[in-house]
$ cat start-v2.txt   # compact mmCIF, C-alpha atoms
# COMPACT_ATOMS: atom_id res chain seq x y z
CA MET A 188 -10.28 16.95 5.69
CA ILE A 189 -10.36 17.96 2.06
CA PRO A 190 -7.35 18.61 -0.17
CA ALA A 191 -6.61 22.12 -1.43
CA PRO A 192 -8.10 22.78 -4.87
CA PHE A 193 -6.28 21.42 -7.91
CA ASP A 194 -6.82 20.79 -11.60
CA TYR A 195 -7.35 17.15 -12.45
CA VAL A 196 -5.81 15.46 -15.47
CA ARG A 197 -6.41 11.81 -16.13
CA ALA A 198 -3.57 10.07 -18.00
CA ASP A 199 -4.51 6.55 -19.04
CA ASP A 200 -1.10 5.49 -20.32
CA ALA A 201 2.58 6.31 -19.81
CA ALA A 202 2.74 8.53 -22.89
CA ALA A 203 -0.19 10.65 -21.68
CA ALA A 204 1.39 10.92 -18.23
CA LEU A 205 4.71 12.10 -19.67
CA ALA A 206 2.90 14.63 -21.86
CA ALA A 207 0.99 15.98 -18.85
CA LEU A 208 4.19 16.22 -16.80
CA GLY A 209 5.91 17.97 -19.69
CA GLU A 210 3.10 20.51 -19.84
CA HIS A 211 2.71 21.18 -16.11
CA GLY A 212 6.26 20.57 -14.84
CA ASP A 213 6.80 20.86 -11.11
CA GLU A 214 3.27 22.21 -10.56
CA ALA A 215 2.04 18.68 -11.14
CA LYS A 216 2.00 15.61 -8.94
CA LEU A 217 1.39 12.08 -10.15
CA LEU A 218 -1.42 10.22 -8.41
CA ALA A 219 -1.00 6.43 -8.57
CA GLY A 220 -2.95 4.58 -5.86
CA GLY A 221 -2.99 7.75 -3.76
CA GLN A 222 -2.60 5.94 -0.44
CA SER A 223 0.32 8.16 0.58
CA LEU A 224 -0.29 11.25 -1.55
CA LEU A 225 -3.96 11.83 -0.66
CA PRO A 226 -3.34 11.75 3.12
CA LEU A 227 -0.56 14.34 2.61
CA MET A 228 -2.88 16.46 0.46
CA LYS A 229 -5.67 16.23 3.04
CA LEU A 230 -3.26 17.54 5.68
CA ARG A 231 -2.19 20.25 3.18
CA LEU A 232 1.40 19.00 3.48
CA ALA A 233 1.21 18.58 -0.29
CA MET A 234 -0.67 21.14 -2.38
CA PRO A 235 -0.03 20.40 -6.05
CA SER A 236 -1.91 22.68 -8.42
CA VAL A 237 -2.31 19.85 -10.94
CA VAL A 238 -2.94 16.19 -10.14
CA VAL A 239 -2.13 13.77 -12.96
CA ASP A 240 -4.10 10.60 -12.22
CA VAL A 241 -2.25 7.59 -13.63
CA SER A 242 -4.22 5.00 -11.67
CA HIS A 243 -5.80 3.70 -14.88
CA ALA A 244 -2.57 3.47 -16.91
CA THR A 245 -2.89 -0.28 -17.43
CA ASP A 246 0.16 -0.37 -19.72
CA LEU A 247 2.19 0.05 -16.52
CA ARG A 248 0.46 -2.80 -14.69
CA TYR A 249 2.24 -6.12 -15.34
CA VAL A 250 4.62 -8.72 -13.99
CA ARG A 251 6.87 -10.52 -16.45
CA THR A 252 10.14 -12.41 -16.49
CA ASP A 253 12.74 -10.58 -18.53
CA GLY A 254 16.00 -12.52 -18.81
CA ASP A 255 17.42 -12.98 -15.32
CA ALA A 256 15.15 -10.36 -13.77
CA LEU A 257 11.51 -9.88 -12.93
CA ALA A 258 10.03 -6.73 -14.49
CA ILE A 259 7.11 -5.22 -12.61
CA GLY A 260 5.12 -2.33 -14.05
CA ALA A 261 5.14 0.69 -11.76
CA LEU A 262 1.35 0.70 -11.40
CA THR A 263 1.09 -2.91 -10.29
CA ARG A 264 -0.87 -2.85 -7.04
CA HIS A 265 0.41 -4.39 -3.80
CA CYS A 266 -2.41 -6.98 -3.84
CA ASP A 267 -1.42 -8.01 -7.38
CA VAL A 268 2.28 -8.30 -6.47
CA ALA A 269 1.37 -10.36 -3.40
CA ALA A 270 -0.89 -12.72 -5.38
CA ASP A 271 1.15 -13.02 -8.57
CA LYS A 272 2.24 -16.63 -9.20
CA THR A 273 5.58 -15.67 -10.76
CA VAL A 274 6.45 -13.30 -7.90
CA ARG A 275 5.48 -15.92 -5.32
CA GLN A 276 7.59 -18.55 -7.04
CA GLU A 277 10.64 -16.52 -8.10
CA LEU A 278 10.79 -13.79 -5.44
CA PRO A 279 8.73 -14.97 -2.46
CA MET A 280 10.22 -12.20 -0.32
CA LEU A 281 8.64 -9.57 -2.52
CA ALA A 282 5.20 -11.22 -2.33
CA HIS A 283 5.57 -11.51 1.45
CA VAL A 284 6.55 -7.87 1.85
CA ALA A 285 3.78 -6.62 -0.46
CA GLU A 286 1.34 -8.33 1.86
CA LEU A 287 2.75 -6.45 4.87
CA VAL A 288 1.94 -3.02 3.44
CA GLY A 289 -0.93 -1.25 5.20
CA ASP A 290 -4.13 -3.28 5.14
CA PRO A 291 -6.23 -4.99 2.43
CA GLN A 292 -7.94 -1.73 1.42
CA VAL A 293 -4.61 0.06 1.01
CA ARG A 294 -3.21 -2.89 -0.93
CA HIS A 295 -6.17 -2.75 -3.32
CA ARG A 296 -5.15 0.81 -4.31
CA GLY A 297 -1.46 1.28 -3.55
CA THR A 298 1.12 0.53 -6.23
CA ILE A 299 4.74 -0.59 -6.14
CA GLY A 300 5.87 2.39 -8.22
CA GLY A 301 3.89 4.80 -6.07
CA SER A 302 5.53 3.44 -2.92
CA VAL A 303 9.00 3.65 -4.48
CA ALA A 304 8.50 7.18 -5.84
CA HIS A 305 7.01 8.41 -2.55
CA SER A 306 10.24 7.22 -0.91
CA ASP A 307 9.13 7.05 2.69
CA PRO A 308 12.08 5.68 4.71
CA SER A 309 9.71 3.51 6.78
CA ALA A 310 8.02 1.89 3.77
CA ASP A 311 8.32 -1.87 3.32
CA LEU A 312 8.66 -2.28 -0.43
CA PRO A 313 11.49 0.23 -0.99
CA THR A 314 13.38 -1.46 1.86
CA ALA A 315 12.93 -4.91 0.37
CA LEU A 316 13.89 -3.63 -3.09
CA VAL A 317 17.16 -2.11 -1.86
CA ALA A 318 18.11 -5.44 -0.29
CA LEU A 319 17.06 -7.28 -3.44
CA GLY A 320 19.36 -5.11 -5.54
CA ALA A 321 16.47 -3.84 -7.66
CA SER A 322 16.70 -1.05 -10.19
CA TYR A 323 14.11 1.45 -11.35
CA VAL A 324 13.35 2.36 -14.95
CA VAL A 325 12.65 6.06 -15.33
CA GLN A 326 11.28 7.70 -18.47
CA GLY A 327 11.61 11.36 -19.27
CA PRO A 328 11.50 13.70 -22.24
CA SER A 329 15.01 12.71 -23.29
CA GLY A 330 14.47 8.97 -23.01
CA GLU A 331 14.99 6.25 -20.45
CA ARG A 332 17.45 5.79 -17.61
CA VAL A 333 17.89 3.03 -15.06
CA VAL A 334 18.62 3.92 -11.43
CA PRO A 335 19.85 1.37 -8.85
CA ALA A 336 17.43 1.19 -5.89
CA ASP A 337 20.07 2.29 -3.38
CA GLU A 338 20.86 5.43 -5.39
CA PHE A 339 17.22 6.45 -5.87
CA ALA A 340 16.36 8.23 -2.61
CA THR A 341 18.17 11.52 -1.97
CA GLY A 342 16.47 12.58 1.27
CA PHE A 343 13.25 12.31 3.25
CA LEU A 344 10.49 11.82 0.62
CA GLU A 345 12.98 13.01 -2.02
CA THR A 346 14.34 11.09 -4.98
CA VAL A 347 16.40 11.52 -8.13
CA LEU A 348 13.17 11.83 -10.15
CA GLU A 349 12.91 15.11 -12.08
CA PRO A 350 9.49 16.81 -12.25
CA ASP A 351 9.03 15.70 -15.87
CA GLU A 352 10.07 12.08 -15.26
CA LEU A 353 7.94 8.99 -14.70
CA LEU A 354 8.95 5.81 -12.91
CA THR A 355 7.72 3.08 -15.24
CA GLU A 356 9.17 -0.22 -14.06
CA VAL A 357 10.77 -1.98 -11.13
CA ARG A 358 13.36 -4.60 -12.12
CA VAL A 359 14.41 -7.22 -9.60
CA PRO A 360 17.22 -9.69 -10.33
CA LEU A 361 16.28 -13.34 -9.77
CA GLY A 362 18.49 -15.88 -8.04
CA VAL A 363 17.92 -15.18 -4.34
CA ALA A 364 19.61 -17.88 -2.24
CA GLY A 365 18.09 -16.83 1.10
CA TRP A 366 16.11 -13.97 2.58
CA GLY A 367 14.65 -12.57 5.76
CA TYR A 368 12.29 -9.66 6.38
CA GLU A 369 11.62 -8.52 9.92
CA LYS A 370 9.15 -5.70 10.55
CA PHE A 371 8.42 -4.31 14.00
CA THR A 372 5.17 -2.44 14.59
CA ARG A 373 3.06 -1.77 17.64
CA ARG A 374 -0.24 -2.12 15.75
CA ALA A 375 -1.18 -4.29 12.78
CA ILE A 376 -1.44 -1.61 10.11
CA ASP A 377 1.36 0.69 11.25
CA TRP A 378 4.35 1.75 9.24
CA ALA A 379 7.49 -0.03 10.40
CA THR A 380 8.99 1.34 13.61
CA VAL A 381 12.04 -0.38 12.16
CA ALA A 382 12.21 -3.08 9.50
CA VAL A 383 15.18 -5.05 8.21
CA ALA A 384 15.51 -6.85 4.89
CA ALA A 385 18.36 -9.29 4.31
CA VAL A 386 19.03 -10.99 0.98
CA ARG A 387 21.73 -13.54 0.31
CA ARG A 388 22.87 -14.25 -3.25
CA ASP A 389 26.16 -15.29 -4.91
CA GLY A 390 27.84 -15.56 -1.51
CA GLU A 391 27.04 -11.92 -0.72
CA THR A 392 24.47 -10.55 1.73
CA ARG A 393 22.72 -7.20 1.42
CA ILE A 394 20.95 -5.68 4.38
CA ALA A 395 18.50 -2.77 4.12
CA LEU A 396 17.05 -0.84 7.05
CA ALA A 397 13.69 0.95 7.16
CA ASN A 398 13.20 4.01 9.37
CA MET A 399 16.81 4.26 10.52
CA GLY A 400 17.41 7.59 8.75
CA PRO A 401 15.88 9.99 6.23
CA THR A 402 16.04 7.32 3.51
CA VAL A 403 16.13 3.54 3.45
CA LEU A 404 19.74 2.68 4.36
CA ARG A 405 22.11 -0.20 3.74
CA ALA A 406 23.55 -1.64 6.96
CA ALA A 407 27.01 -1.11 5.54
CA ALA A 408 29.04 -2.06 8.62
CA ALA A 409 27.11 -5.30 9.08
CA GLU A 410 27.51 -6.14 5.39
CA ARG A 411 31.28 -5.53 5.62
CA ALA A 412 31.50 -7.68 8.72
CA LEU A 413 29.77 -10.58 6.96
CA ALA A 414 31.99 -10.16 3.89
CA THR A 415 35.11 -10.50 6.05
CA GLY A 416 33.90 -13.65 7.75
CA ALA A 417 32.09 -12.43 10.87
CA GLY A 418 29.24 -14.56 12.22
CA THR A 419 25.67 -13.32 11.96
CA ALA A 420 25.48 -12.37 15.65
CA ASP A 421 28.61 -10.19 15.43
CA ALA A 422 27.49 -8.65 12.14
CA ALA A 423 24.02 -7.87 13.53
CA GLY A 424 25.67 -6.07 16.44
CA SER A 425 26.94 -3.43 14.03
CA ALA A 426 23.66 -3.04 12.08
CA ASP A 427 22.95 0.42 13.52
CA GLU A 428 26.39 1.88 12.76
CA GLU A 429 26.34 4.83 10.34
CA THR A 430 22.57 5.29 10.80
CA GLU A 431 20.68 8.30 12.15
CA PRO A 432 17.34 7.04 13.48
CA GLY A 433 14.75 9.58 14.57
CA ASN A 434 13.19 10.19 17.96
CA ASP A 435 9.42 10.28 17.79
CA VAL A 436 6.20 9.28 19.50
CA THR A 437 6.64 5.68 18.34
CA ALA A 438 10.20 5.06 19.51
CA SER A 439 13.35 6.75 20.72
CA SER A 440 16.43 6.66 18.52
CA ASP A 441 18.16 4.37 21.03
CA TYR A 442 15.26 1.94 20.88
CA ARG A 443 15.39 2.03 17.08
CA ARG A 444 19.11 1.19 17.21
CA HIS A 445 18.30 -1.75 19.49
CA LEU A 446 15.57 -2.91 17.12
CA ALA A 447 17.90 -2.64 14.11
CA ARG A 448 20.45 -4.90 15.78
CA VAL A 449 17.92 -7.47 16.99
CA LEU A 450 15.88 -7.55 13.78
CA THR A 451 19.04 -7.79 11.65
CA GLY A 452 20.06 -10.85 13.67
CA ARG A 453 16.68 -12.44 12.98
CA ALA A 454 16.66 -11.48 9.30
CA LEU A 455 20.17 -12.88 8.81
CA ALA A 456 19.21 -16.10 10.58
CA ALA A 457 16.21 -16.46 8.26
CA ALA A 458 18.36 -15.66 5.21
CA SER A 459 20.92 -18.32 6.16
CA ALA A 460 18.39 -21.01 7.01
CA MET B 293 -15.92 18.67 -13.11
CA LYS B 294 -18.55 16.36 -14.54
CA LEU B 295 -18.27 12.73 -13.51
CA SER B 296 -20.20 9.58 -14.17
CA LEU B 297 -20.25 7.34 -11.09
CA THR B 298 -21.92 3.96 -11.04
CA VAL B 299 -23.04 3.26 -7.49
CA ASN B 300 -24.99 0.16 -6.51
CA GLY B 301 -25.76 -0.47 -10.17
CA THR B 302 -27.16 2.99 -10.89
CA GLN B 303 -25.28 5.51 -13.00
CA HIS B 304 -25.14 9.03 -11.57
CA ASP B 305 -23.91 12.03 -13.52
CA ILE B 306 -22.59 14.52 -10.98
CA ASP B 307 -20.75 17.82 -11.05
CA VAL B 308 -18.17 18.12 -8.26
CA GLU B 309 -14.81 19.73 -7.57
CA PRO B 310 -11.82 17.58 -8.63
CA ARG B 311 -10.73 17.39 -4.97
CA THR B 312 -13.95 15.65 -3.94
CA LEU B 313 -13.19 12.44 -2.08
CA LEU B 314 -15.28 9.40 -2.92
CA VAL B 315 -16.81 9.32 0.56
CA HIS B 316 -18.05 12.91 0.19
CA ALA B 317 -19.48 12.22 -3.27
CA LEU B 318 -21.38 9.27 -1.78
CA ARG B 319 -22.60 10.98 1.37
CA ASP B 320 -23.04 14.62 0.35
CA THR B 321 -23.79 14.48 -3.37
CA LEU B 322 -25.64 11.17 -3.67
CA ASP B 323 -27.11 11.16 -0.13
CA LEU B 324 -25.89 7.61 0.51
CA THR B 325 -25.07 7.98 4.20
CA ALA B 326 -24.51 4.36 5.23
CA THR B 327 -20.79 4.89 4.59
CA ASN B 328 -19.34 6.58 7.67
CA ILE B 329 -16.37 8.89 8.05
CA GLY B 330 -14.42 7.81 11.12
CA CYS B 331 -10.77 8.78 11.39
CA ASP B 332 -10.49 10.40 7.94
CA THR B 333 -6.82 9.26 7.91
CA THR B 334 -6.92 5.83 6.16
CA SER B 335 -6.75 4.03 9.48
CA CYS B 336 -10.16 2.99 10.81
CA GLY B 337 -11.93 1.55 7.76
CA ALA B 338 -15.39 2.96 8.64
CA CYS B 339 -15.58 4.45 5.12
CA THR B 340 -14.84 1.14 3.35
CA VAL B 341 -16.75 0.58 0.11
CA LEU B 342 -16.14 -1.69 -2.87
CA VAL B 343 -14.69 -0.54 -6.19
CA ASP B 344 -15.12 -3.24 -8.82
CA GLY B 345 -15.72 -5.66 -5.95
CA GLU B 346 -12.58 -4.80 -3.97
CA SER B 347 -12.53 -2.98 -0.63
CA VAL B 348 -11.09 0.55 -0.55
CA LYS B 349 -11.13 3.35 2.01
CA SER B 350 -13.33 5.96 0.37
CA CYS B 351 -11.78 8.80 2.41
CA THR B 352 -8.54 8.12 0.52
CA VAL B 353 -9.81 7.83 -3.04
CA LEU B 354 -10.78 10.71 -5.33
CA ALA B 355 -14.28 10.38 -6.73
CA ALA B 356 -12.78 11.29 -10.10
CA SER B 357 -10.44 8.28 -9.93
CA VAL B 358 -13.30 5.77 -9.91
CA ALA B 359 -15.35 7.35 -12.69
CA GLY B 360 -16.48 4.54 -14.94
CA GLN B 361 -15.92 1.87 -12.30
CA SER B 362 -18.54 0.10 -10.22
CA VAL B 363 -18.92 1.30 -6.61
CA THR B 364 -20.85 -0.70 -4.03
CA THR B 365 -21.92 0.67 -0.64
CA MET B 366 -23.80 -0.94 2.24
CA GLU B 367 -27.05 0.32 0.66
CA GLY B 368 -26.39 -1.89 -2.36
CA LEU B 369 -25.85 -5.22 -0.60
CA ALA B 370 -29.36 -6.53 0.04
CA GLN B 371 -31.37 -8.00 -2.83
CA GLY B 372 -34.87 -6.68 -2.20
CA ASP B 373 -35.91 -8.00 1.20
CA THR B 374 -33.13 -10.58 1.28
CA TRP B 375 -30.06 -9.55 3.18
CA HIS B 376 -26.57 -10.31 2.02
CA ALA B 377 -25.02 -13.28 3.85
CA VAL B 378 -22.61 -10.96 5.66
CA GLN B 379 -25.42 -8.68 6.85
CA GLN B 380 -27.33 -11.75 8.07
CA GLY B 381 -24.19 -13.02 9.79
CA PHE B 382 -23.76 -9.74 11.67
CA ARG B 383 -27.40 -9.91 12.81
CA ASP B 384 -27.27 -13.58 13.79
CA CYS B 385 -23.99 -13.28 15.71
CA HIS B 386 -24.63 -9.87 17.23
CA GLY B 387 -21.63 -8.56 15.29
CA LEU B 388 -22.20 -4.96 16.29
CA GLN B 389 -22.56 -2.87 19.39
CA CYS B 390 -22.69 0.88 18.67
CA GLY B 391 -22.80 0.17 14.92
CA PHE B 392 -20.49 2.92 13.76
CA CYS B 393 -17.85 0.63 12.26
CA THR B 394 -20.44 -1.82 10.92
CA PRO B 395 -20.88 -0.61 7.32
CA GLY B 396 -17.12 -0.59 6.83
CA MET B 397 -16.70 -3.94 8.58
CA VAL B 398 -19.41 -5.50 6.44
CA MET B 399 -18.00 -4.16 3.17
CA ALA B 400 -14.46 -5.22 4.13
CA ALA B 401 -15.84 -8.67 4.98
CA VAL B 402 -17.64 -8.95 1.63
CA SER B 403 -14.34 -8.21 -0.13
CA LEU B 404 -12.47 -10.64 2.12
CA LEU B 405 -14.92 -13.48 1.39
CA ALA B 406 -14.75 -12.77 -2.35
CA GLU B 407 -10.99 -13.33 -2.20
CA ASN B 408 -11.06 -16.13 0.37
CA PRO B 409 -14.48 -17.84 0.57
CA LYS B 410 -13.38 -20.31 3.27
CA PRO B 411 -11.35 -18.27 5.75
CA THR B 412 -10.16 -19.46 9.14
CA ALA B 413 -10.78 -17.26 12.18
CA ASP B 414 -7.17 -16.16 11.86
CA ASP B 415 -7.68 -15.25 8.18
CA VAL B 416 -10.69 -13.13 9.17
CA ARG B 417 -8.77 -11.30 11.89
CA HIS B 418 -5.93 -10.51 9.50
CA GLY B 419 -8.32 -9.75 6.65
CA LEU B 420 -10.09 -7.14 8.78
CA GLU B 421 -6.87 -5.54 10.04
CA GLY B 422 -7.82 -2.33 8.25
CA ASN B 423 -11.03 -1.90 10.25
CA LEU B 424 -11.25 -0.73 13.83
CA CYS B 425 -14.22 -1.33 16.17
CA ARG B 426 -14.30 1.35 18.84
CA CYS B 427 -16.43 -0.93 21.05
CA THR B 428 -13.69 -3.58 20.65
CA GLY B 429 -16.39 -6.08 19.70
CA TYR B 430 -14.10 -8.09 17.47
CA HIS B 431 -15.04 -11.52 18.79
CA ASN B 432 -18.57 -11.42 17.42
CA ILE B 433 -17.49 -9.66 14.22
CA VAL B 434 -15.17 -12.58 13.45
CA ALA B 435 -17.97 -15.01 14.31
CA ALA B 436 -20.33 -13.10 12.01
CA VAL B 437 -17.93 -13.33 9.05
CA LEU B 438 -17.32 -17.03 9.65
CA SER B 439 -21.08 -17.55 9.85
CA ALA B 440 -21.52 -15.74 6.52
CA ALA B 441 -18.82 -17.91 4.96
CA GLU B 442 -20.55 -21.04 6.24
CA ALA B 443 -23.95 -19.84 4.96
CA SER B 444 -22.51 -19.04 1.52
CA LYS B 445 -21.12 -22.54 0.91
$ encode --input "start-v2.txt" --output "structure tokens"
Amino acid sequence: MIPAPFDYVRADDAAAALAALGEHGDEAKLLAGGQSLLPLMKLRLAMPSVVVDVSHATDLRYVRTDGDALAIGALTRHCDVAADKTVRQELPMLAHVAELVGDPQVRHRGTIGGSVAHSDPSADLPTALVALGASYVVQGPSGERVVPADEFATGFLETVLEPDELLTEVRVPLGVAGWGYEKFTRRAIDWATVAVAAVRRDGETRIALANMGPTVLRAAAAERALATGAGTADAAGSADEETEPGNDVTASSDYRRHLARVLTGRALAAASA
Amino acid sequence: MKLSLTVNGTQHDIDVEPRTLLVHALRDTLDLTATNIGCDTTSCGACTVLVDGESVKSCTVLAASVAGQSVTTMEGLAQGDTWHAVQQGFRDCHGLQCGFCTPGMVMAAVSLLAENPKPTADDVRHGLEGNLCRCTGYHNIVAAVLSAAEASK
């Protein structure tokens, strides 16, 4: 399978990428690691007329502590997030989840910003980042804006990003008191049938669900239950409320609801331990 | 578009369409056919090659994206008549049956051992999770990689 023809522009830093997006607008698609975009292009589900290759924009590849947050450049690869000493020490959940993405080959190419911008509801990193209360730094022609992770996705593979905007940085607040990440797959390298991320900090617990709707979702009912003093088992029982899981070859929607409840129980137990 | 690809230490100046995938540049343009196309969907790992020493699935990388980087295929592993330790391990341990997955398995194993020179059997199984053997001959593949690690000490 070969993608439909396109013009290729290589942008080796953020400024060049923004200039290329400004010139080509919504005809253009950014190529980071390409581990989600190229499969879509090979199936002709995506047919951009211009591909802006940012995979060599090394100014967007970094991990640094910035006040009470960790700042991760959008083009930092999964393997680099997983191996980074600061991530492993300060946000071990993020290192753990980066290591669950795809397989070693995919992690050598795929980037955290690419995964976030692609916004697949079954993807691990966006799910973890919603639970971690991350925010995304977005640059456009009129400057910079910061979008909270749980306001970023607007629909299946759709986000608040405008065609001339570039996701440049993922910011994750430090100070996690406890966490759990539970991913269910039938085969090692599969996308999550369902995954649940739970993060406890400042006496509050956030729960994010992968593949329980068109976007990553918060388990709002379960979070409310915990906030009003319910035990983890009772809270987990409401994890699938207000979700709309799909029916597909991997699992029925009822089975996904069951998984969401069971995996939330396990993630909450891990986060409280 | 004109590209300069360095493959197995040799620089090649080629002229291909921008949509050319790395695996097609290797097989069709450079006639390096050790790298196989299996699933063509980033699942099976038969097309695994190294880019700057790290394993990638060459069916899911544009040739243009690795211009200027160093690509290694199965053809580039042996030094003259001396096989790479992983190749020798696969021979010694009978780490292949039909052989279709072998180039990808070997390249993935080379990358794995570069990152983790002393893996456990469990590390090897997880490290090769991106490579499928349609003969299901995993037992001897794991033994082959462990043998290569032992021989490389």
$ atom_distance --input "start-v2.txt" --atom1 "CA of Leu344 (chain A)" --atom2 "CA of Ser306 (chain A)"
4.9 Å
$ interface_residues --input "start-v2.txt" --of "chain A" --to "chain B" --cutoff "12 Å" --atoms "all atoms listed in the file" --output "PyMOL selection string"
chain A and resi 188-199+218-230+234-244+266+270+286-297+374-378
$ write_last_selection --input "start-v2.txt" --atoms "C-alpha atoms" --output "CSV table (one decimal), in the coordinates of the input"
chain,number,residue,atom,x,y,z
A,188,MET,CA,-10.3,17.0,5.7
A,189,ILE,CA,-10.4,18.0,2.1
A,190,PRO,CA,-7.4,18.6,-0.2
A,191,ALA,CA,-6.6,22.1,-1.4
A,192,PRO,CA,-8.1,22.8,-4.9
A,193,PHE,CA,-6.3,21.4,-7.9
A,194,ASP,CA,-6.8,20.8,-11.6
A,195,TYR,CA,-7.4,17.2,-12.4
A,196,VAL,CA,-5.8,15.5,-15.5
A,197,ARG,CA,-6.4,11.8,-16.1
A,198,ALA,CA,-3.6,10.1,-18.0
A,199,ASP,CA,-4.5,6.6,-19.0
A,218,LEU,CA,-1.4,10.2,-8.4
A,219,ALA,CA,-1.0,6.4,-8.6
A,220,GLY,CA,-3.0,4.6,-5.9
A,221,GLY,CA,-3.0,7.8,-3.8
A,222,GLN,CA,-2.6,5.9,-0.4
A,223,SER,CA,0.3,8.2,0.6
A,224,LEU,CA,-0.3,11.2,-1.6
A,225,LEU,CA,-4.0,11.8,-0.7
A,226,PRO,CA,-3.3,11.8,3.1
A,227,LEU,CA,-0.6,14.3,2.6
A,228,MET,CA,-2.9,16.5,0.5
A,229,LYS,CA,-5.7,16.2,3.0
A,230,LEU,CA,-3.3,17.5,5.7
A,234,MET,CA,-0.7,21.1,-2.4
A,235,PRO,CA,0.0,20.4,-6.0
A,236,SER,CA,-1.9,22.7,-8.4
A,237,VAL,CA,-2.3,19.8,-10.9
A,238,VAL,CA,-2.9,16.2,-10.1
A,239,VAL,CA,-2.1,13.8,-13.0
A,240,ASP,CA,-4.1,10.6,-12.2
A,241,VAL,CA,-2.2,7.6,-13.6
A,242,SER,CA,-4.2,5.0,-11.7
A,243,HIS,CA,-5.8,3.7,-14.9
A,244,ALA,CA,-2.6,3.5,-16.9
A,266,CYS,CA,-2.4,-7.0,-3.8
A,270,ALA,CA,-0.9,-12.7,-5.4
A,286,GLU,CA,1.3,-8.3,1.9
A,287,LEU,CA,2.8,-6.4,4.9
A,288,VAL,CA,1.9,-3.0,3.4
A,289,GLY,CA,-0.9,-1.2,5.2
A,290,ASP,CA,-4.1,-3.3,5.1
A,291,PRO,CA,-6.2,-5.0,2.4
A,292,GLN,CA,-7.9,-1.7,1.4
A,293,VAL,CA,-4.6,0.1,1.0
A,294,ARG,CA,-3.2,-2.9,-0.9
A,295,HIS,CA,-6.2,-2.8,-3.3
A,296,ARG,CA,-5.2,0.8,-4.3
A,297,GLY,CA,-1.5,1.3,-3.6
A,374,ARG,CA,-0.2,-2.1,15.8
A,375,ALA,CA,-1.2,-4.3,12.8
A,376,ILE,CA,-1.4,-1.6,10.1
A,377,ASP,CA,1.4,0.7,11.2
A,378,TRP,CA,4.4,1.8,9.2
$ atom_distance --input "start-v2.txt" --atom1 "CA of Arg453 (chain A)" --atom2 "CA of Met280 (chain A)"
14.8 Å
$ residues_around --input "start-v2.txt" --residues "Leu205 (chain A)" --least-positions-apart "3" --cutoff "12 Å" --atoms "only C-alpha atoms" --output "number ranges by chain"
A: 196-202, 208-212, 215-217, 239-241, 244, 325-331, 349-355
$ atom_distance --input "start-v2.txt" --atom1 "CA of Tyr442 (chain A)" --atom2 "CA of Ala379 (chain A)"
13.2 Å
$ closest_residue --input "start-v2.txt" --among "B:Cys427, B:Val315, B:Ala440, B:Ala359" --to "Pro409 (chain B)" --atoms "all atoms listed in the file"
B:Ala440
$ residues_around --input "start-v2.txt" --residues "Gln371 (chain B)" --least-positions-apart "6" --cutoff "12 Å" --atoms "all atoms listed in the file" --output "VMD selection string"
chain B and resid 300 to 301 377 379
$ closest_residue --input "start-v2.txt" --among "A:Pro313, A:Gly424, A:Gly367, A:Gly254" --to "His445 (chain A)" --atoms "only C-alpha atoms"
A:Gly424
$ residues_around --input "start-v2.txt" --residues "Ala413 (chain B)" --least-positions-apart "4" --cutoff "8 Å" --atoms "all atoms listed in the file" --output "list in words"
Arg417, Val434, Ala435 and Leu438 of chain B
$ closest_residue --input "start-v2.txt" --among "B:Gln380, B:Thr428, B:Gln389, B:Ser439" --to "Thr412 (chain B)" --atoms "only C-alpha atoms"
B:Ser439
$ residues_around --input "start-v2.txt" --residues "region 385-402 of chain A" --least-positions-apart "4" --cutoff "6 Å" --atoms "all atoms listed in the file" --output "ChimeraX atom specification"
/A:308-309,314,318,342-343,363-367,381,406,430-432,454
$ build_atoms --input "start-v2.txt" --residues "region 190-197 of chain A" --atoms "N, CA and C atoms" --output "mmCIF file, keeping the file's coordinate frame"
data_model
loop_
_atom_site.group_PDB
_atom_site.id
_atom_site.type_symbol
_atom_site.label_atom_id
_atom_site.label_comp_id
_atom_site.auth_asym_id
_atom_site.auth_seq_id
_atom_site.Cartn_x
_atom_site.Cartn_y
_atom_site.Cartn_z
ATOM 1 N N PRO A 190 -8.557 18.023 0.417
ATOM 2 C CA PRO A 190 -7.350 18.610 -0.170
ATOM 3 C C PRO A 190 -7.597 20.040 -0.665
ATOM 4 N N ALA A 191 -6.524 20.804 -0.794
ATOM 5 C CA ALA A 191 -6.610 22.120 -1.430
ATOM 6 C C ALA A 191 -7.015 21.931 -2.892
ATOM 7 N N PRO A 192 -7.636 22.945 -3.482
ATOM 8 C CA PRO A 192 -8.100 22.780 -4.870
ATOM 9 C C PRO A 192 -6.952 22.485 -5.843
ATOM 10 N N PHE A 193 -7.270 21.716 -6.861
ATOM 11 C CA PHE A 193 -6.280 21.420 -7.910
ATOM 12 C C PHE A 193 -7.024 21.141 -9.214
ATOM 13 N N ASP A 194 -6.279 21.227 -10.316
ATOM 14 C CA ASP A 194 -6.820 20.790 -11.600
ATOM 15 C C ASP A 194 -6.520 19.312 -11.762
ATOM 16 N N TYR A 195 -7.460 18.600 -12.331
ATOM 17 C CA TYR A 195 -7.350 17.150 -12.450
ATOM 18 C C TYR A 195 -7.149 16.744 -13.900
ATOM 19 N N VAL A 196 -6.076 15.977 -14.129
ATOM 20 C CA VAL A 196 -5.810 15.460 -15.470
ATOM 21 C C VAL A 196 -5.728 13.946 -15.360
ATOM 22 N N ARG A 197 -6.498 13.260 -16.167
ATOM 23 C CA ARG A 197 -6.410 11.810 -16.130
ATOM 24 C C ARG A 197 -5.543 11.341 -17.300
#
